[in-house]
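Undergrad: This is upload_24.txt (compact mmCIF, N, CA and C atoms).
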```
# COMPACT_ATOMS: atom_id res chain seq x y z
N MET T 1 -32.46 17.75 -69.00
CA MET T 1 -33.89 17.80 -68.76
C MET T 1 -34.53 18.55 -69.93
N PRO T 2 -35.51 17.98 -70.58
CA PRO T 2 -36.14 18.64 -71.72
C PRO T 2 -36.96 19.84 -71.26
N LEU T 3 -37.08 20.82 -72.13
CA LEU T 3 -37.89 22.00 -71.84
C LEU T 3 -39.37 21.65 -71.94
N PRO T 4 -40.19 22.28 -71.11
CA PRO T 4 -41.62 22.02 -71.18
C PRO T 4 -42.19 22.62 -72.47
N PRO T 5 -43.30 22.09 -72.95
CA PRO T 5 -43.91 22.64 -74.17
C PRO T 5 -44.22 24.12 -73.98
N GLU T 6 -44.15 24.86 -75.09
CA GLU T 6 -44.41 26.29 -75.04
C GLU T 6 -45.82 26.53 -74.52
N GLY T 7 -45.93 27.53 -73.64
CA GLY T 7 -47.24 27.88 -73.10
C GLY T 7 -47.59 27.13 -71.84
N SER T 8 -46.85 26.07 -71.50
CA SER T 8 -47.16 25.33 -70.27
C SER T 8 -46.44 25.98 -69.09
N GLU T 9 -46.97 25.74 -67.93
CA GLU T 9 -46.40 26.30 -66.71
C GLU T 9 -45.19 25.47 -66.30
N LEU T 10 -44.18 26.13 -65.72
CA LEU T 10 -43.02 25.40 -65.21
C LEU T 10 -43.38 24.77 -63.88
N SER T 11 -42.87 23.59 -63.63
CA SER T 11 -43.12 22.93 -62.36
C SER T 11 -42.32 23.64 -61.27
N ALA T 12 -42.72 23.44 -60.03
CA ALA T 12 -42.05 24.08 -58.90
C ALA T 12 -40.57 23.70 -58.84
N PRO T 13 -40.19 22.41 -59.02
CA PRO T 13 -38.76 22.09 -58.98
C PRO T 13 -37.98 22.77 -60.11
N MET T 14 -38.59 22.87 -61.28
CA MET T 14 -37.91 23.50 -62.42
C MET T 14 -37.75 24.99 -62.15
N LEU T 15 -38.77 25.62 -61.59
CA LEU T 15 -38.72 27.04 -61.26
C LEU T 15 -37.64 27.29 -60.21
N THR T 16 -37.56 26.43 -59.23
CA THR T 16 -36.55 26.54 -58.18
C THR T 16 -35.15 26.39 -58.77
N LEU T 17 -34.97 25.45 -59.66
CA LEU T 17 -33.69 25.25 -60.30
C LEU T 17 -33.29 26.47 -61.13
N ASN T 18 -34.24 27.02 -61.89
CA ASN T 18 -33.96 28.22 -62.69
C ASN T 18 -33.58 29.39 -61.79
N THR T 19 -34.28 29.57 -60.69
CA THR T 19 -33.98 30.64 -59.75
C THR T 19 -32.59 30.46 -59.17
N LEU T 20 -32.25 29.23 -58.81
CA LEU T 20 -30.94 28.94 -58.24
C LEU T 20 -29.83 29.23 -59.25
N VAL T 21 -30.03 28.84 -60.49
CA VAL T 21 -29.03 29.08 -61.54
C VAL T 21 -28.85 30.58 -61.74
N CYS T 22 -29.94 31.33 -61.79
CA CYS T 22 -29.85 32.78 -61.99
C CYS T 22 -29.15 33.45 -60.82
N ARG T 23 -29.50 33.06 -59.61
CA ARG T 23 -28.86 33.65 -58.43
C ARG T 23 -27.37 33.33 -58.40
N THR T 24 -27.01 32.12 -58.75
CA THR T 24 -25.60 31.72 -58.78
C THR T 24 -24.84 32.56 -59.81
N PHE T 25 -25.43 32.74 -60.98
CA PHE T 25 -24.79 33.54 -62.02
C PHE T 25 -24.59 34.98 -61.55
N VAL T 26 -25.62 35.57 -60.96
CA VAL T 26 -25.53 36.95 -60.48
C VAL T 26 -24.46 37.05 -59.40
N PHE T 27 -24.46 36.13 -58.45
CA PHE T 27 -23.47 36.14 -57.37
C PHE T 27 -22.05 36.05 -57.93
N LYS T 28 -21.82 35.12 -58.85
CA LYS T 28 -20.48 34.95 -59.42
C LYS T 28 -20.06 36.18 -60.22
N THR T 29 -20.99 36.80 -60.91
CA THR T 29 -20.68 38.01 -61.67
C THR T 29 -20.31 39.15 -60.73
N LEU T 30 -21.08 39.34 -59.67
CA LEU T 30 -20.78 40.39 -58.70
C LEU T 30 -19.45 40.12 -58.00
N LEU T 31 -19.19 38.88 -57.67
CA LEU T 31 -17.93 38.52 -57.04
C LEU T 31 -16.77 38.82 -57.96
N PHE T 32 -16.90 38.47 -59.23
CA PHE T 32 -15.85 38.74 -60.21
C PHE T 32 -15.60 40.24 -60.34
N LEU T 33 -16.67 41.02 -60.44
CA LEU T 33 -16.52 42.46 -60.59
C LEU T 33 -15.91 43.09 -59.35
N SER T 34 -16.26 42.60 -58.17
CA SER T 34 -15.71 43.16 -56.94
C SER T 34 -14.23 42.83 -56.78
N MET T 35 -13.75 41.81 -57.48
CA MET T 35 -12.35 41.42 -57.37
C MET T 35 -11.46 42.15 -58.38
N GLN T 36 -12.07 42.92 -59.27
CA GLN T 36 -11.29 43.65 -60.26
C GLN T 36 -10.66 44.87 -59.59
N PRO T 37 -9.35 45.02 -59.74
CA PRO T 37 -8.70 46.18 -59.12
C PRO T 37 -9.23 47.48 -59.74
N SER T 38 -9.45 48.47 -58.90
CA SER T 38 -9.89 49.76 -59.41
C SER T 38 -8.68 50.50 -59.98
N LYS T 39 -8.94 51.47 -60.82
CA LYS T 39 -7.87 52.27 -61.40
C LYS T 39 -7.11 52.99 -60.30
N LEU T 40 -7.81 53.47 -59.28
CA LEU T 40 -7.16 54.15 -58.16
C LEU T 40 -6.21 53.20 -57.43
N ASP T 41 -6.70 52.00 -57.10
CA ASP T 41 -5.86 51.03 -56.39
C ASP T 41 -4.65 50.64 -57.23
N GLN T 42 -4.85 50.47 -58.54
CA GLN T 42 -3.73 50.13 -59.42
C GLN T 42 -2.70 51.25 -59.45
N THR T 43 -3.15 52.48 -59.53
CA THR T 43 -2.25 53.63 -59.60
C THR T 43 -1.50 53.81 -58.28
N LEU T 44 -2.21 53.69 -57.15
CA LEU T 44 -1.55 53.75 -55.85
C LEU T 44 -0.46 52.68 -55.76
N GLY T 45 -0.80 51.47 -56.16
CA GLY T 45 0.14 50.36 -56.08
C GLY T 45 1.35 50.56 -56.96
N LEU T 46 1.13 51.03 -58.18
CA LEU T 46 2.26 51.25 -59.08
C LEU T 46 3.18 52.36 -58.58
N GLU T 47 2.60 53.37 -57.93
CA GLU T 47 3.43 54.46 -57.39
C GLU T 47 4.22 53.98 -56.17
N ILE T 48 3.61 53.15 -55.35
CA ILE T 48 4.36 52.56 -54.22
C ILE T 48 5.52 51.74 -54.78
N GLN T 49 5.22 50.91 -55.76
CA GLN T 49 6.25 50.06 -56.36
C GLN T 49 7.37 50.89 -57.01
N ARG T 50 6.99 51.93 -57.74
CA ARG T 50 7.99 52.77 -58.41
C ARG T 50 8.94 53.40 -57.41
N ARG T 51 8.39 53.92 -56.33
CA ARG T 51 9.22 54.57 -55.31
C ARG T 51 10.07 53.55 -54.54
N ARG T 52 9.52 52.38 -54.30
CA ARG T 52 10.29 51.32 -53.62
C ARG T 52 11.47 50.91 -54.49
N ILE T 53 11.22 50.69 -55.77
CA ILE T 53 12.29 50.27 -56.69
C ILE T 53 13.32 51.38 -56.86
N GLU T 54 12.85 52.62 -56.88
CA GLU T 54 13.75 53.77 -56.98
C GLU T 54 14.76 53.77 -55.83
N LYS T 55 14.33 53.34 -54.67
CA LYS T 55 15.22 53.24 -53.50
C LYS T 55 16.01 51.93 -53.48
N ARG T 56 15.73 51.08 -54.47
CA ARG T 56 16.36 49.76 -54.57
C ARG T 56 16.05 48.89 -53.34
N TRP T 57 14.81 48.99 -52.90
CA TRP T 57 14.34 48.20 -51.77
C TRP T 57 13.54 47.01 -52.29
N SER T 58 13.64 45.93 -51.58
CA SER T 58 12.80 44.76 -51.86
C SER T 58 11.45 44.96 -51.17
N GLN T 59 10.49 44.16 -51.57
CA GLN T 59 9.21 44.18 -50.86
C GLN T 59 9.42 43.76 -49.41
N GLU T 60 10.32 42.82 -49.20
CA GLU T 60 10.61 42.35 -47.85
C GLU T 60 11.12 43.49 -46.97
N TYR T 61 12.01 44.32 -47.53
CA TYR T 61 12.57 45.42 -46.74
C TYR T 61 11.50 46.47 -46.45
N LEU T 62 10.70 46.83 -47.46
CA LEU T 62 9.63 47.80 -47.22
C LEU T 62 8.66 47.26 -46.16
N ALA T 63 8.37 46.00 -46.24
CA ALA T 63 7.49 45.38 -45.24
C ALA T 63 8.10 45.48 -43.85
N GLU T 64 9.39 45.22 -43.76
CA GLU T 64 10.08 45.27 -42.46
C GLU T 64 10.05 46.68 -41.86
N VAL T 65 10.34 47.69 -42.66
CA VAL T 65 10.41 49.05 -42.11
C VAL T 65 9.04 49.67 -41.85
N THR T 66 7.99 49.10 -42.45
CA THR T 66 6.64 49.61 -42.22
C THR T 66 5.86 48.78 -41.21
N GLY T 67 6.37 47.59 -40.88
CA GLY T 67 5.65 46.71 -39.97
C GLY T 67 4.50 45.97 -40.65
N LEU T 68 4.55 45.91 -41.97
CA LEU T 68 3.51 45.21 -42.73
C LEU T 68 4.06 43.88 -43.23
N HIS T 69 3.20 43.05 -43.75
CA HIS T 69 3.63 41.75 -44.28
C HIS T 69 4.02 41.91 -45.74
N ARG T 70 5.02 41.15 -46.20
CA ARG T 70 5.48 41.25 -47.58
C ARG T 70 4.36 40.94 -48.57
N THR T 71 3.52 39.96 -48.26
CA THR T 71 2.45 39.62 -49.20
C THR T 71 1.43 40.75 -49.30
N TYR T 72 1.25 41.50 -48.21
CA TYR T 72 0.34 42.65 -48.24
C TYR T 72 0.93 43.75 -49.12
N ILE T 73 2.23 43.98 -49.01
CA ILE T 73 2.90 44.96 -49.88
C ILE T 73 2.70 44.54 -51.34
N SER T 74 2.86 43.26 -51.63
CA SER T 74 2.67 42.75 -52.99
C SER T 74 1.25 43.00 -53.47
N GLN T 75 0.27 42.73 -52.62
CA GLN T 75 -1.13 42.95 -52.99
C GLN T 75 -1.41 44.42 -53.24
N LEU T 76 -0.83 45.29 -52.42
CA LEU T 76 -0.99 46.73 -52.63
C LEU T 76 -0.40 47.15 -53.97
N GLU T 77 0.81 46.68 -54.26
CA GLU T 77 1.49 47.06 -55.49
C GLU T 77 0.76 46.56 -56.73
N ARG T 78 0.05 45.46 -56.61
CA ARG T 78 -0.71 44.93 -57.75
C ARG T 78 -2.13 45.49 -57.81
N GLY T 79 -2.48 46.37 -56.87
CA GLY T 79 -3.80 46.99 -56.88
C GLY T 79 -4.89 46.08 -56.39
N LEU T 80 -4.53 45.00 -55.70
CA LEU T 80 -5.53 44.05 -55.22
C LEU T 80 -6.10 44.45 -53.87
N LYS T 81 -5.40 45.30 -53.16
CA LYS T 81 -5.85 45.79 -51.85
C LYS T 81 -5.82 47.30 -51.86
N SER T 82 -6.69 47.90 -51.06
CA SER T 82 -6.72 49.36 -50.87
C SER T 82 -6.09 49.68 -49.52
N PRO T 83 -5.07 50.52 -49.51
CA PRO T 83 -4.45 50.83 -48.21
C PRO T 83 -5.32 51.76 -47.38
N SER T 84 -5.33 51.55 -46.08
CA SER T 84 -5.99 52.49 -45.18
C SER T 84 -5.10 53.73 -45.07
N VAL T 85 -5.63 54.78 -44.49
CA VAL T 85 -4.83 55.99 -44.29
C VAL T 85 -3.63 55.68 -43.40
N ARG T 86 -3.84 54.87 -42.37
CA ARG T 86 -2.75 54.50 -41.47
C ARG T 86 -1.65 53.76 -42.23
N VAL T 87 -2.03 52.78 -43.05
CA VAL T 87 -1.05 52.01 -43.83
C VAL T 87 -0.32 52.91 -44.81
N LEU T 88 -1.06 53.77 -45.50
CA LEU T 88 -0.44 54.68 -46.45
C LEU T 88 0.53 55.62 -45.75
N SER T 89 0.19 56.04 -44.54
CA SER T 89 1.08 56.89 -43.75
C SER T 89 2.38 56.15 -43.43
N HIS T 90 2.30 54.91 -43.02
CA HIS T 90 3.50 54.11 -42.74
C HIS T 90 4.38 53.98 -43.98
N ILE T 91 3.74 53.71 -45.11
CA ILE T 91 4.48 53.50 -46.36
C ILE T 91 5.13 54.80 -46.82
N THR T 92 4.38 55.89 -46.83
CA THR T 92 4.96 57.16 -47.30
C THR T 92 6.05 57.65 -46.37
N ASN T 93 5.90 57.45 -45.06
CA ASN T 93 6.98 57.82 -44.13
C ASN T 93 8.23 57.02 -44.43
N ALA T 94 8.08 55.73 -44.65
CA ALA T 94 9.23 54.88 -44.96
C ALA T 94 9.89 55.30 -46.27
N LEU T 95 9.08 55.68 -47.25
CA LEU T 95 9.60 56.08 -48.56
C LEU T 95 10.08 57.54 -48.57
N ASP T 96 9.98 58.21 -47.41
CA ASP T 96 10.46 59.58 -47.23
C ASP T 96 9.76 60.57 -48.16
N ILE T 97 8.44 60.47 -48.18
CA ILE T 97 7.61 61.41 -48.94
C ILE T 97 6.37 61.69 -48.10
N THR T 98 5.87 62.91 -48.18
CA THR T 98 4.65 63.19 -47.44
C THR T 98 3.48 62.49 -48.12
N MET T 99 2.47 62.20 -47.33
CA MET T 99 1.29 61.56 -47.89
C MET T 99 0.64 62.49 -48.91
N GLY T 100 0.65 63.79 -48.63
CA GLY T 100 0.07 64.76 -49.55
C GLY T 100 0.77 64.76 -50.90
N GLU T 101 2.09 64.74 -50.88
CA GLU T 101 2.85 64.72 -52.13
C GLU T 101 2.61 63.41 -52.89
N PHE T 102 2.59 62.31 -52.17
CA PHE T 102 2.34 61.01 -52.78
C PHE T 102 0.97 60.99 -53.47
N LEU T 103 -0.05 61.47 -52.76
CA LEU T 103 -1.40 61.47 -53.32
C LEU T 103 -1.53 62.47 -54.48
N ARG T 104 -0.78 63.57 -54.43
CA ARG T 104 -0.79 64.52 -55.54
C ARG T 104 -0.29 63.86 -56.82
N VAL T 105 0.80 63.09 -56.69
CA VAL T 105 1.36 62.37 -57.84
C VAL T 105 0.34 61.35 -58.36
N VAL T 106 -0.28 60.62 -57.46
CA VAL T 106 -1.28 59.62 -57.86
C VAL T 106 -2.44 60.31 -58.57
N GLU T 107 -2.88 61.45 -58.04
CA GLU T 107 -3.98 62.18 -58.68
C GLU T 107 -3.59 62.66 -60.08
N GLU T 108 -2.37 63.13 -60.23
CA GLU T 108 -1.90 63.56 -61.55
C GLU T 108 -1.88 62.39 -62.53
N LEU T 109 -1.44 61.24 -62.06
CA LEU T 109 -1.43 60.06 -62.92
C LEU T 109 -2.84 59.66 -63.34
N LEU T 110 -3.77 59.73 -62.41
CA LEU T 110 -5.16 59.40 -62.73
C LEU T 110 -5.73 60.40 -63.72
N ASN T 111 -5.44 61.67 -63.53
CA ASN T 111 -5.95 62.70 -64.44
C ASN T 111 -5.31 62.56 -65.82
N ALA T 112 -4.05 62.17 -65.86
CA ALA T 112 -3.37 61.98 -67.15
C ALA T 112 -4.03 60.84 -67.93
N ASP T 113 -4.47 59.82 -67.22
CA ASP T 113 -5.17 58.71 -67.86
C ASP T 113 -6.60 59.08 -68.23
N GLY T 114 -7.11 60.13 -67.56
CA GLY T 114 -8.48 60.54 -67.82
C GLY T 114 -9.51 59.59 -67.25
N LYS T 115 -9.09 58.76 -66.30
CA LYS T 115 -10.01 57.76 -65.74
C LYS T 115 -9.98 57.85 -64.22
N ARG T 116 -11.14 57.70 -63.64
CA ARG T 116 -11.26 57.63 -62.19
C ARG T 116 -12.35 56.63 -61.85
N ASP T 117 -12.18 55.94 -60.73
CA ASP T 117 -13.21 55.00 -60.25
C ASP T 117 -14.00 55.65 -59.14
```
Could the structure of this file be written out as structure tokens, please?
TA:
Amino acid sequence: MPLPPEGSELSAPMLTLNTLVCRTFVFKTLLFLSMQPSKLDQTLGLEIQRRRIEKRWSQEYLAEVTGLHRTYISQLERGLKSPSVRVLSHITNALDITMGEFLRVVEELLNADGKRD
């Protein structure tokens, strides 16, 4: 569709189309940004993964002993999901570490990176 001459008013359908395009762009941008893992979620996930591997456990086994689904464990480890306090409690109990100690390590890792979300 050609652009209207400079200085002329946009027609209602053209204005509606422009508004729709802008809203779609904003929505997709916000959706993309909301799907980006936060540094905290990534650090929590990597620490869960590190401790699981240290015990030589599979994601399947950790899921079994915590009552969680394996795909959820995977999402946590990749920083795609944020664990609730209840979930983190199940995981830390299974990994034989207190939640306080686990979070202290995560906080140290975040401070070492100098980044927080």
Undergrad: Could you jot down the CA of Trp57 (chain T) to CA of Ser82 (chain T) separation for me, Å, one decimal place?
TA: 21.1 Å
Undergrad: Rounded to one decimal in Å, what is the spacing between CA of Ser74 (chain T) and CA of Gly100 (chain T)?
TA: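 The value is 22.4 Å.
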Undergrad: Just the number, please: distance in Å from CA of Tyr72 (chain T) to atom N of Leu109 (chain T), one decimal.
TA: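 Calculated distance between CA of Tyr72 (chain T) and atom N of Leu109 (chain T) is 23.2 Å.
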Undergrad: Please provide the set of residues having any atom within 8 Å of Val106 (chain T), restricted to only N, CA and C atoms, with same-chain residues fewer than 6 positions apart removed, written as an mmCIF file with N, CA and C atoms, in the frame of the given file.
TA:
```cif
data_model
loop_
_atom_site.group_PDB
_atom_site.id
_atom_site.type_symbol
_atom_site.label_atom_id
_atom_site.label_comp_id
_atom_site.auth_asym_id
_atom_site.auth_seq_id
_atom_site.Cartn_x
_atom_site.Cartn_y
_atom_site.Cartn_z
ATOM 1 N N LEU T 40 -7.810 53.470 -59.280
ATOM 2 C CA LEU T 40 -7.160 54.150 -58.160
ATOM 3 C C LEU T 40 -6.210 53.200 -57.430
ATOM 4 N N THR T 43 -3.150 52.480 -59.530
ATOM 5 C CA THR T 43 -2.250 53.630 -59.600
ATOM 6 C C THR T 43 -1.500 53.810 -58.280
ATOM 7 N N LEU T 44 -2.210 53.690 -57.150
ATOM 8 C CA LEU T 44 -1.550 53.750 -55.850
ATOM 9 C C LEU T 44 -0.460 52.680 -55.760
ATOM 10 N N GLU T 47 2.600 53.370 -57.930
ATOM 11 C CA GLU T 47 3.430 54.460 -57.390
ATOM 12 C C GLU T 47 4.220 53.980 -56.170
ATOM 13 N N GLY T 100 0.650 63.790 -48.630
ATOM 14 C CA GLY T 100 0.070 64.760 -49.550
ATOM 15 C C GLY T 100 0.770 64.760 -50.900
ATOM 16 N N ALA T 112 -4.050 62.170 -65.860
ATOM 17 C CA ALA T 112 -3.370 61.980 -67.150
ATOM 18 C C ALA T 112 -4.030 60.840 -67.930
#
```
Undergrad: Check the smallest atom-to-atom distance from each of T:Arg56, T:Gly45, T:Thr24, T:Asp113 to Gly79 (chain T) using all atoms listed in the file, then report the winner.
TA: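 Result for the nearest residue to Gly79 (chain T): T:Gly45.
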Undergrad: Report as a compact mmCIF listing (two decimals) with N, CA and C atoms, keeping the file's coordinate frame all protein, DNA and RNA residues lying within 7 Å of Arg70 (chain T), evaluated on only C-alpha atoms, omitting residues in the same chain fewer than 3 positions from it.
TA:
```
# COMPACT_ATOMS: atom_id res chain seq x y z
N GLN T 59 10.49 44.16 -51.57
CA GLN T 59 9.21 44.18 -50.86
C GLN T 59 9.42 43.76 -49.41
N GLU T 60 10.32 42.82 -49.20
CA GLU T 60 10.61 42.35 -47.85
C GLU T 60 11.12 43.49 -46.97
N ALA T 63 8.37 46.00 -46.24
CA ALA T 63 7.49 45.38 -45.24
C ALA T 63 8.10 45.48 -43.85
N ILE T 73 2.23 43.98 -49.01
CA ILE T 73 2.90 44.96 -49.88
C ILE T 73 2.70 44.54 -51.34
N SER T 74 2.86 43.26 -51.63
CA SER T 74 2.67 42.75 -52.99
C SER T 74 1.25 43.00 -53.47
```
Undergrad: Out of T:Ser38, T:Gln75, T:Ser58, T:Thr66, which residue has the shortest atom-to-atom distance to Asn93 (chain T) when counting all atoms listed in the file?
TA: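 Distance minimum relative to Asn93 (chain T) lands on T:Thr66.
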Undergrad: Based on the backbone DSSP call, show me all residues of region 40-113 of chain T assigned helix (DSSP H, G or I), as a PyMOL selection string.
TA: chain T and resi 40-54+59-66+70-77+85-94+99-113
Undergrad: My list of candidates is T:Ile97, T:Ile91, T:Leu110, T:Leu103. Which is closest to Tyr61 (chain T) when distances are computed with only C-alpha atoms?
TA: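 Using only C-alpha atoms, Tyr61 (chain T) sits closest to T:Ile91.
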Undergrad: Counting all atoms listed in the file, write as a ChimeraX atom specification all protein and nucleic acid residues lying at most 6.5 Å from (14.1, 52.8, -48.2) in the file's frame.
TA: /T:55,57,94-95
Undergrad: Extending 6 Å beyond the listed atoms of region 92-104 of chain T on each side, what axis-aligned box results? I want centre and edge lengths in Å to one decimal, as AutoDock Vina command-line options.
TA:
```
--center_x 4.5 --center_y 59.8 --center_z -50.5 --size_x 24.0 --size_y 21.9 --size_z 24.7
```
